[in-house]
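Engineer: File follows, work_17.cif with mmCIF, C-alpha atoms:
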data_model
#
loop_
_atom_site.label_atom_id
_atom_site.label_comp_id
_atom_site.auth_asym_id
_atom_site.auth_seq_id
_atom_site.Cartn_x
_atom_site.Cartn_y
_atom_site.Cartn_z
CA MET M 62 -74.41 -38.23 17.96
CA GLY M 63 -71.56 -38.45 20.41
CA ASN M 64 -70.17 -35.38 22.00
CA THR M 65 -66.66 -34.62 23.16
CA ASN M 66 -64.65 -31.65 24.32
CA ASN M 67 -67.02 -30.72 27.09
CA ASN M 68 -65.78 -27.29 28.08
CA ASN M 69 -67.77 -25.00 30.35
CA GLY M 70 -70.95 -26.66 29.22
CA PHE M 71 -70.36 -26.17 25.52
CA LYS M 72 -69.98 -29.25 23.39
CA VAL M 73 -68.98 -29.97 19.83
CA PRO M 74 -69.78 -33.05 17.77
CA GLU M 75 -67.36 -35.93 18.06
CA GLY M 76 -64.46 -35.56 15.64
CA TYR M 77 -65.44 -31.99 14.83
CA PHE M 78 -61.96 -30.52 14.95
CA GLY M 79 -60.47 -33.36 12.93
CA GLN M 80 -63.08 -32.78 10.25
CA LEU M 81 -62.16 -29.12 10.00
CA GLU M 82 -58.95 -30.15 8.29
CA ASP M 83 -60.80 -32.42 5.90
CA ARG M 84 -63.24 -29.68 5.01
CA LEU M 85 -60.44 -27.23 4.45
CA LEU M 86 -58.56 -29.67 2.27
CA ALA M 87 -61.68 -30.24 0.24
CA SER M 88 -62.08 -26.51 -0.24
CA VAL M 89 -58.55 -26.08 -1.43
CA SER M 90 -58.01 -28.97 -3.75
CA GLY M 91 -60.72 -31.55 -3.72
CA SER M 92 -59.69 -34.46 -1.55
CA ARG M 93 -55.97 -34.10 -2.22
CA ARG M 94 -53.80 -33.17 0.75
CA ILE M 95 -51.37 -30.33 0.31
CA SER M 96 -48.21 -31.39 2.04
CA ARG M 97 -45.54 -29.02 3.23
CA GLU M 98 -43.23 -30.16 0.48
CA GLU M 99 -45.72 -29.07 -2.09
CA GLY M 100 -44.97 -25.48 -2.91
CA PHE M 101 -41.90 -24.40 -1.00
CA SER M 102 -38.57 -25.86 -1.94
CA VAL M 103 -34.98 -25.28 -0.85
CA PRO M 104 -31.76 -24.94 -2.84
CA ASP M 105 -29.91 -28.16 -3.55
CA HIS M 106 -27.85 -29.41 -0.60
CA TYR M 107 -29.02 -26.51 1.54
CA LEU M 108 -29.87 -28.57 4.59
CA GLU M 109 -26.68 -30.60 4.28
CA SER M 110 -24.52 -27.48 4.38
CA LEU M 111 -26.55 -25.78 7.08
CA GLU M 112 -24.95 -27.58 10.00
CA LYS M 113 -21.46 -26.55 8.89
CA ARG M 114 -22.43 -22.93 8.35
CA ILE M 115 -24.13 -22.63 11.71
CA ALA M 116 -21.15 -24.27 13.42
CA GLU M 117 -18.89 -21.70 11.78
CA ARG M 118 -21.11 -18.88 12.95
CA VAL M 119 -21.14 -20.24 16.47
CA SER M 120 -17.39 -20.72 16.58
CA THR M 121 -16.92 -17.04 15.86
CA ASP M 122 -20.19 -16.14 17.61
CA THR M 123 -20.60 -13.15 15.37
CA ALA M 124 -23.36 -10.64 15.24
CA THR M 125 -26.21 -11.21 12.80
CA THR M 126 -24.79 -9.59 9.72
CA PRO M 127 -24.46 -11.00 6.23
CA MET M 128 -21.32 -13.09 6.02
CA HIS M 129 -19.66 -11.62 2.95
CA ARG M 130 -20.07 -7.94 3.59
CA ASN M 131 -17.11 -5.77 2.63
CA PRO M 132 -15.03 -4.91 5.74
CA VAL M 133 -15.20 -1.19 5.04
CA VAL M 134 -18.93 -1.38 4.62
CA ARG M 135 -19.07 -3.37 7.84
CA LEU M 136 -17.09 -0.68 9.60
CA ILE M 137 -19.46 2.02 8.41
CA TYR M 138 -22.43 -0.16 9.17
CA THR M 139 -21.16 -0.83 12.65
CA VAL M 140 -20.34 2.78 13.42
CA SER M 141 -23.72 3.92 12.18
CA SER M 142 -25.37 1.13 14.13
CA VAL M 143 -23.57 2.16 17.27
CA ALA M 144 -24.55 5.76 16.65
CA ALA M 145 -28.13 4.78 16.09
CA LEU M 146 -28.07 2.55 19.14
CA VAL M 147 -26.71 5.27 21.36
CA ALA M 148 -29.19 7.76 19.96
CA ILE M 149 -32.11 5.43 20.34
CA LEU M 150 -31.02 4.30 23.78
CA LEU M 151 -30.92 7.85 24.96
CA SER M 152 -34.28 8.49 23.34
CA VAL M 153 -35.76 5.43 24.96
CA VAL M 154 -34.34 6.41 28.33
CA PHE M 155 -35.54 9.92 27.76
CA GLY M 156 -38.95 8.75 26.60
CA THR M 157 -39.39 6.21 29.38
CA ILE M 158 -38.51 8.64 32.11
CA SER M 159 -40.62 11.34 30.51
CA ARG M 160 -43.58 8.99 30.61
CA THR M 161 -43.13 8.58 34.31
CA GLY M 162 -43.48 12.29 34.77
CA SER M 163 -39.90 13.44 35.11
CA GLY M 164 -38.82 16.39 33.05
CA PRO M 165 -36.49 16.15 30.09
CA ASP M 166 -33.58 17.69 31.92
CA THR M 167 -33.90 15.22 34.73
CA ALA M 168 -33.98 12.33 32.28
CA PHE M 169 -31.02 13.41 30.24
CA THR M 170 -28.73 14.48 33.02
CA GLY M 171 -29.77 11.61 35.22
CA ILE M 172 -28.16 9.02 32.95
CA LEU M 173 -24.46 9.38 32.53
CA PRO M 174 -22.78 8.15 29.34
CA GLU M 175 -20.49 6.10 31.56
CA GLU M 176 -23.49 4.27 32.93
CA ILE M 177 -24.78 3.45 29.47
CA GLU M 178 -21.34 2.34 28.42
CA TYR M 179 -21.03 0.20 31.54
CA TYR M 180 -24.31 -1.52 30.86
CA ILE M 181 -23.48 -2.18 27.22
CA GLN M 182 -19.96 -3.40 27.87
CA ASN M 183 -20.97 -5.69 30.68
CA GLY M 184 -23.77 -7.24 28.77
CA PHE M 185 -26.50 -6.00 31.07
CA LEU M 186 -28.15 -4.28 28.17
CA SER M 187 -28.64 -7.11 25.71
CA VAL M 188 -30.75 -5.16 23.26
CA ASP M 189 -30.21 -4.30 19.68
CA ILE M 190 -31.87 -1.77 17.45
CA GLN M 191 -34.48 -4.26 16.40
CA ASP M 192 -35.30 -5.07 20.02
CA ILE M 193 -35.70 -1.42 20.83
CA GLY M 194 -37.95 -1.01 17.82
CA ASP M 195 -40.07 -3.86 19.11
CA LEU M 196 -40.64 -1.99 22.36
CA TYR M 197 -42.53 0.61 20.44
CA ASP M 198 -45.13 0.28 17.79
CA SER M 199 -44.65 2.39 14.71
CA SER M 200 -46.93 5.17 15.86
CA GLU M 201 -44.94 5.55 19.05
CA LEU M 202 -41.65 5.53 17.18
CA GLU M 203 -42.89 8.37 15.04
CA THR M 204 -43.39 10.47 18.13
CA VAL M 205 -40.04 9.70 19.74
CA SER M 206 -38.09 12.91 19.66
CA PHE M 207 -34.52 12.80 18.47
CA SER M 208 -34.22 16.55 18.40
CA SER M 209 -33.28 16.72 22.04
CA LEU M 210 -30.12 14.74 21.41
CA ASP M 211 -26.93 16.61 21.00
CA GLU M 212 -25.30 15.34 17.83
CA ALA M 213 -21.89 16.60 18.91
CA PHE M 214 -22.25 14.64 22.12
CA ILE M 215 -23.01 11.44 20.22
CA MET M 216 -20.04 11.89 17.88
CA GLU M 217 -17.79 12.69 20.80
CA TYR M 218 -19.02 9.63 22.59
CA LEU M 219 -18.33 7.48 19.56
CA GLU M 220 -14.88 8.89 18.98
CA GLU M 221 -13.96 8.27 22.58
CA HIS M 222 -15.60 4.95 23.12
CA ALA M 223 -16.15 3.03 19.90
CA ASP M 224 -13.51 0.35 19.61
CA MET M 225 -12.51 0.81 15.98
CA ASP M 226 -9.61 -1.63 16.21
CA ILE M 227 -11.98 -4.54 16.43
CA TYR M 228 -13.57 -3.66 13.14
CA MET M 229 -10.42 -2.53 11.36
CA GLY M 230 -9.07 -6.03 12.02
CA LEU M 231 -11.68 -7.36 9.65
CA GLU M 232 -9.58 -6.24 6.72
CA ASP M 233 -7.56 -9.39 7.25
CA GLU M 234 -10.56 -11.55 6.50
CA MET S 93 -29.11 -39.85 22.55
CA SER S 94 -32.08 -38.66 24.56
CA GLU S 95 -33.02 -35.00 24.82
CA SER S 96 -31.93 -34.84 28.44
CA GLU S 97 -28.54 -36.36 27.60
CA LEU S 98 -28.18 -33.91 24.76
CA LEU S 99 -29.02 -31.06 27.08
CA GLN S 100 -26.50 -32.25 29.61
CA GLN S 101 -23.80 -32.30 26.94
CA LEU S 102 -24.83 -28.87 25.70
CA LYS S 103 -24.33 -27.44 29.15
CA SER S 104 -20.88 -28.90 29.53
CA GLN S 105 -18.05 -26.90 27.98
CA ASP S 106 -16.18 -30.04 26.93
CA THR S 107 -19.01 -31.57 24.96
CA ARG S 108 -20.93 -28.48 23.94
CA GLU S 109 -19.70 -28.11 20.40
CA ARG S 110 -20.32 -31.71 19.41
CA ALA S 111 -23.71 -31.70 21.10
CA PHE S 112 -24.65 -28.49 19.36
CA ARG S 113 -23.87 -30.03 16.01
CA GLU S 114 -26.14 -32.88 16.95
CA LEU S 115 -28.82 -30.39 17.96
CA VAL S 116 -28.61 -28.60 14.62
CA SER S 117 -28.63 -31.85 12.73
CA ARG S 118 -31.63 -33.14 14.64
CA TYR S 119 -33.87 -30.10 14.64
CA SER S 120 -32.82 -27.72 11.88
CA GLU S 121 -35.19 -29.09 9.26
CA ARG S 122 -38.26 -28.86 11.45
CA LEU S 123 -37.38 -25.35 12.55
CA TYR S 124 -36.56 -24.40 8.98
CA TRP S 125 -40.03 -25.31 7.79
CA HIS S 126 -41.79 -23.47 10.55
CA ILE S 127 -39.75 -20.34 9.90
CA ARG S 128 -40.19 -20.70 6.15
CA ARG S 129 -43.97 -20.73 6.46
CA THR S 130 -43.77 -17.59 8.54
CA VAL S 131 -41.28 -15.51 6.58
CA ILE S 132 -42.01 -17.18 3.21
CA ASN S 133 -38.75 -16.39 1.45
CA HIS S 134 -35.87 -18.92 1.58
CA ASP S 135 -33.04 -16.43 2.07
CA ASP S 136 -34.86 -14.74 4.92
CA THR S 137 -35.57 -18.14 6.41
CA ASP S 138 -31.89 -19.00 6.26
CA ASP S 139 -30.99 -15.80 8.13
CA VAL S 140 -33.66 -16.30 10.77
CA LEU S 141 -32.78 -19.96 11.23
CA GLN S 142 -29.10 -19.19 11.75
CA ASN S 143 -29.96 -16.42 14.19
CA THR S 144 -32.26 -18.82 16.00
CA PHE S 145 -29.48 -21.34 16.50
CA ILE S 146 -27.00 -18.66 17.53
CA LYS S 147 -29.49 -17.51 20.14
CA ILE S 148 -30.01 -21.08 21.29
CA TYR S 149 -26.26 -21.57 21.62
CA ARG S 150 -25.79 -18.36 23.56
CA ASN S 151 -28.64 -19.06 25.94
CA ILE S 152 -28.52 -22.80 26.41
CA GLU S 153 -26.90 -22.52 29.84
CA GLY S 154 -29.85 -20.49 31.03
CA PHE S 155 -32.38 -23.05 29.84
CA LYS S 156 -34.08 -24.29 32.98
CA GLY S 157 -35.86 -27.28 31.54
CA GLU S 158 -39.33 -25.98 32.37
CA SER S 159 -40.44 -27.17 28.96
CA SER S 160 -38.90 -29.63 26.54
CA LEU S 161 -35.77 -28.50 24.78
CA PHE S 162 -37.50 -28.61 21.44
CA SER S 163 -40.42 -26.48 22.68
CA TRP S 164 -37.96 -23.93 23.94
CA MET S 165 -36.12 -23.90 20.60
CA TYR S 166 -39.37 -23.66 18.73
CA ARG S 167 -40.39 -20.69 20.84
CA ILE S 168 -37.13 -18.93 20.00
CA ALA S 169 -37.68 -19.65 16.30
CA ILE S 170 -41.19 -18.21 16.46
CA ASN S 171 -40.01 -15.08 18.25
CA GLU S 172 -37.13 -14.61 15.85
CA SER S 173 -39.45 -14.99 12.87
CA ILE S 174 -41.98 -12.50 14.18
CA SER S 175 -39.28 -10.02 15.17
CA PHE S 176 -37.80 -10.36 11.71
CA LEU S 177 -41.14 -9.65 10.06
CA ASN S 178 -41.83 -6.69 12.34
CA SER S 179 -38.46 -5.27 11.46
CA LYS S 180 -38.98 -5.90 7.76
CA SER S 181 -42.40 -4.27 7.75
CA ARG S 182 -40.99 -1.21 9.49
CA ARG S 183 -38.18 -0.96 6.95
CA GLN S 184 -40.61 -1.22 4.08
CA GLY S 185 -43.17 1.11 5.61
CA LEU S 186 -45.87 -1.53 5.52
CA ASN S 187 -48.14 -2.93 8.16
CA ASN S 188 -47.94 -6.65 8.88
CA THR S 189 -50.87 -7.60 6.68
CA GLU S 190 -49.51 -5.63 3.74
CA LEU S 191 -46.13 -7.24 4.20
CA GLN S 192 -47.65 -10.72 4.26
CA GLN S 193 -49.59 -10.03 1.09
CA SER S 194 -46.47 -8.69 -0.55
CA LEU S 195 -44.44 -11.76 0.44
CA VAL S 196 -47.03 -14.13 -0.93
CA ALA S 197 -47.42 -12.09 -4.11
CA ASN S 198 -43.69 -12.51 -4.67
CA LEU S 199 -44.04 -16.29 -4.64
CA HIS S 200 -44.94 -16.17 -8.33
CA ALA S 201 -41.37 -15.23 -9.10
CA ASP S 202 -39.72 -17.23 -6.33
CA PRO S 203 -37.42 -19.92 -7.73
CA TYR S 204 -37.95 -21.90 -4.54
CA PHE S 205 -41.68 -22.05 -4.79
CA ASN S 206 -43.15 -24.57 -7.14
CA GLY S 207 -46.64 -24.91 -5.75
CA ASP S 208 -49.67 -25.04 -7.98
CA GLU S 209 -52.51 -22.52 -7.98
CA ALA S 210 -54.23 -24.26 -5.09
CA ALA S 211 -51.11 -24.06 -2.93
CA LEU S 212 -50.66 -20.42 -3.84
CA LYS S 213 -54.27 -19.68 -3.07
CA LEU S 214 -53.89 -21.29 0.32
CA GLN S 215 -50.84 -19.11 1.04
CA HIS S 216 -52.84 -16.02 0.12
CA ALA S 217 -55.56 -17.12 2.51
CA ILE S 218 -53.09 -17.81 5.33
CA ALA S 219 -51.56 -14.38 4.80
CA THR S 220 -54.85 -12.79 5.81
CA LEU S 221 -54.76 -14.36 9.27
CA PRO S 222 -53.68 -12.55 12.42
CA GLU S 223 -50.21 -13.62 13.57
CA LYS S 224 -51.30 -15.93 16.39
CA GLN S 225 -53.91 -17.70 14.28
CA LYS S 226 -51.43 -18.12 11.48
CA THR S 227 -48.87 -19.65 13.82
CA VAL S 228 -51.42 -22.06 15.29
CA PHE S 229 -52.75 -22.97 11.87
CA ASN S 230 -49.31 -23.70 10.48
CA MET S 231 -48.31 -25.77 13.47
CA LYS S 232 -51.49 -27.81 13.43
CA TYR S 233 -52.17 -28.12 9.74
CA PHE S 234 -48.76 -28.34 8.13
CA GLU S 235 -46.58 -29.50 10.97
CA ALA S 236 -49.16 -31.89 12.42
CA LEU S 237 -48.33 -30.98 16.01
CA SER S 238 -50.86 -31.96 18.64
CA TYR S 239 -52.72 -29.29 20.57
CA GLU S 240 -50.81 -30.39 23.66
CA GLU S 241 -47.47 -29.83 21.93
CA ILE S 242 -48.57 -26.46 20.58
CA SER S 243 -49.83 -25.57 24.03
CA GLU S 244 -46.42 -26.20 25.54
CA ILE S 245 -44.63 -24.24 22.83
CA LEU S 246 -46.92 -21.23 22.79
CA GLU S 247 -47.78 -21.41 26.49
CA THR S 248 -51.44 -21.14 25.62
CA SER S 249 -54.31 -23.34 26.80
CA VAL S 250 -55.51 -26.14 24.55
CA GLY S 251 -58.98 -24.61 24.53
CA ALA S 252 -57.68 -21.27 23.30
CA LEU S 253 -55.63 -23.03 20.63
CA LYS S 254 -58.66 -24.95 19.40
CA ALA S 255 -60.57 -21.70 19.18
CA SER S 256 -57.69 -20.05 17.28
CA TYR S 257 -57.46 -22.95 14.87
CA HIS S 258 -61.19 -23.00 14.37
CA HIS S 259 -61.26 -19.27 13.58
CA ALA S 260 -58.29 -19.67 11.25
CA VAL S 261 -59.93 -22.48 9.32
CA LYS S 262 -63.19 -20.59 9.03
CA LYS S 263 -61.43 -17.51 7.70
CA ILE S 264 -59.47 -19.57 5.20
CA GLU S 265 -62.59 -21.36 4.05
CA GLN S 266 -64.32 -18.05 3.61
CA PHE S 267 -61.40 -16.59 1.69
CA LEU S 268 -61.26 -19.58 -0.62
CA SER S 269 -64.98 -19.62 -1.21
CA GLU S 270 -65.01 -15.93 -2.12
CA ASP S 271 -62.24 -16.33 -4.65
#
Produce structure tokens that represent the structure in this file.
Structural biologist:
Amino acid sequence: MGNTNNNNGFKVPEGYFGQLEDRLLASVSGSRRISREEGFSVPDHYLESLEKRIAERVSTDTATTPMHRNPVVRLIYTVSSVAALVAILLSVVFGTISRTGSGPDTAFTGILPEEIEYYIQNGFLSVDIQDIGDLYDSSELETVSFSSLDEAFIMEYLEEHADMDIYMGLEDE
Amino acid sequence: MSESELLQQLKSQDTRERAFRELVSRYSERLYWHIRRTVINHDDTDDVLQNTFIKIYRNIEGFKGESSLFSWMYRIAINESISFLNSKSRRQGLNNTELQQSLVANLHADPYFNGDEAALKLQHAIATLPEKQKTVFNMKYFEALSYEEISEILETSVGALKASYHHAVKKIEQFLSED
């Protein structure tokens, strides 16, 4: 029997990996191959319209929100997203610095709102809520403390800094 | 148009839009199917695919050509799919395995799934795999990519990929034989 795939002294029979597929196929449905088309399908003309829809998205380069959301809902969604983002950002900053041994006061007062705003506005902080969530596994997220955040501060920050005009303009859509 | 010519046009402001349309036209179906096998549901796939292309568009100028353009796009699609699933599992309070099982269970009522029992059984088996093994299995088995291509996309050695695929196949075989 021929041998291939010599790797660190270990060998497998010739054609072994190719046969894995055959054996799997036999397990699933006799000798019949299950192709990708078998099972999943797509709506009629989906792929034909995809190019146009993506081009439209790119031309406006919008955020990843459903396309037909009510403008008012979008406004609320955006404001709450911004609030959540600010809150989570502060928590992440707080949490990260706390992990390095600095005290809570140091962490909170060490980062000025202006600095956060600067980073967000200048694109240095290209994270979204989902990205932040991905930095932590669920158990860590459960332990992130939001209680240290001053709600009044967040609302004040939003009132002063959130650019509502951008979102109010959506009513023309 | 070759990939390098396409890339050149994508990086030029004057030709970017036309080249991007060409990019979407050329690769959207392949990326669609990879994402679909990962996130299962068509509507979710549509969202992830669009986000993938938006991300490609926004970041194309930063693409350094260290891998092929398609490998780079594929990598973005994989990351977007996994991020989407992580986010979805968090929202639903499920772990990844539970979410996968739930997605596959919903295939019974999915108007865009018309597979027979064998196809459904295979999906159930795939849903039991760890994320990396599932990705490798889908790319090798359904998408017929070579180990070398998968290696470039996932930045993993061919040997490790063969091991992943082998483990995946064994687990699927075991799942199917137990059923």
Engineer: For region 116-151 of chain S against region 98-111 of chain S, with a cut-off of 12 Å and counting only C-alpha atoms, what is the closest atom pair and its distance in Å to one decimal for every residue that makes the cut, ordered by chain and number, as a tab-separated table?
Structural biologist:
residue	atom	partner	partner_atom	distance
S:Val116	CA	S:Ala111	CA	8.7
S:Ser117	CA	S:Ala111	CA	9.7
S:Arg118	CA	S:Ala111	CA	10.3
S:Ile148	CA	S:Leu102	CA	10.3
S:Tyr149	CA	S:Leu102	CA	8.5
S:Arg150	CA	S:Lys103	CA	10.8
S:Asn151	CA	S:Lys103	CA	10.0
Engineer: Any chance you could export the current selection's C-alpha atoms as a compact mmCIF listing (two decimals), in the frame of the given file?
Structural biologist:
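Written out: again_15.txt:
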# COMPACT_ATOMS: atom_id res chain seq x y z
CA VAL S 116 -28.61 -28.60 14.62
CA SER S 117 -28.63 -31.85 12.73
CA ARG S 118 -31.63 -33.14 14.64
CA ILE S 148 -30.01 -21.08 21.29
CA TYR S 149 -26.26 -21.57 21.62
CA ARG S 150 -25.79 -18.36 23.56
CA ASN S 151 -28.64 -19.06 25.94
Engineer: Evaluated on this file, the PyMOL selection byres ((chain S) within 8 of (chain M)) picks out some residues - which ones are they, written as a ChimeraX atom specification?
Structural biologist: /S:113,116-117,120-121,134,142-143,145-146,149,175,178-179,182,204-208,210-214,233-235,254,258,261,264-265,268-269
Engineer: May I ask for the distance between CA of Ser194 (chain S) and CA of Ala219 (chain S), given in Å to one decimal place?
Structural biologist: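 Going from CA of Ser194 (chain S) over to CA of Ala219 (chain S), I get 9.3 Å.
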Engineer: Pull out every residue that the PyMOL selection byres ((chain S and resi 252) around 12) matches in the shown coordinates and put them as a ChimeraX atom specification.
Structural biologist: /M:68 /S:224-225,228,239-240,242-243,246-251,253-259
Engineer: When you draw a straight line from CA of Phe229 (chain S) to CA of Gln184 (chain S), how long is it in Å?
Structural biologist: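 Distance reported for this atom pair: 26.1 Å.
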Engineer: If you measure from CA of Leu191 (chain S) to CA of Ser238 (chain S), what distance in Å do you get, rounded to one decimal?
Structural biologist: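 Computed distance, CA of Leu191 (chain S) to CA of Ser238 (chain S), equals 29.0 Å.
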Engineer: Applied to the shown file, which residues does the PyMOL selection byres ((chain S and resi 169) around 10) return, written as a ChimeraX atom specification?
Structural biologist: /S:123-124,126-127,140-145,147-148,163-168,170-175
Engineer: So that I can see what lies close to Gln193 (chain S), please list as a list in words the residues with an atom at most 12 Å from it, counting only C-alpha atoms and leaving out residues fewer than 3 positions away in the same chain.
Structural biologist: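 The residues satisfying every condition are Val131, Ile132, Ser181, Leu186, Asn187, Asn188, Thr189, Glu190, Val196, Ala197, Asn198, Leu199, Leu212, Lys213, Gln215, His216, Ala217, Ile218, Ala219, Thr220 and Leu221 of chain S.
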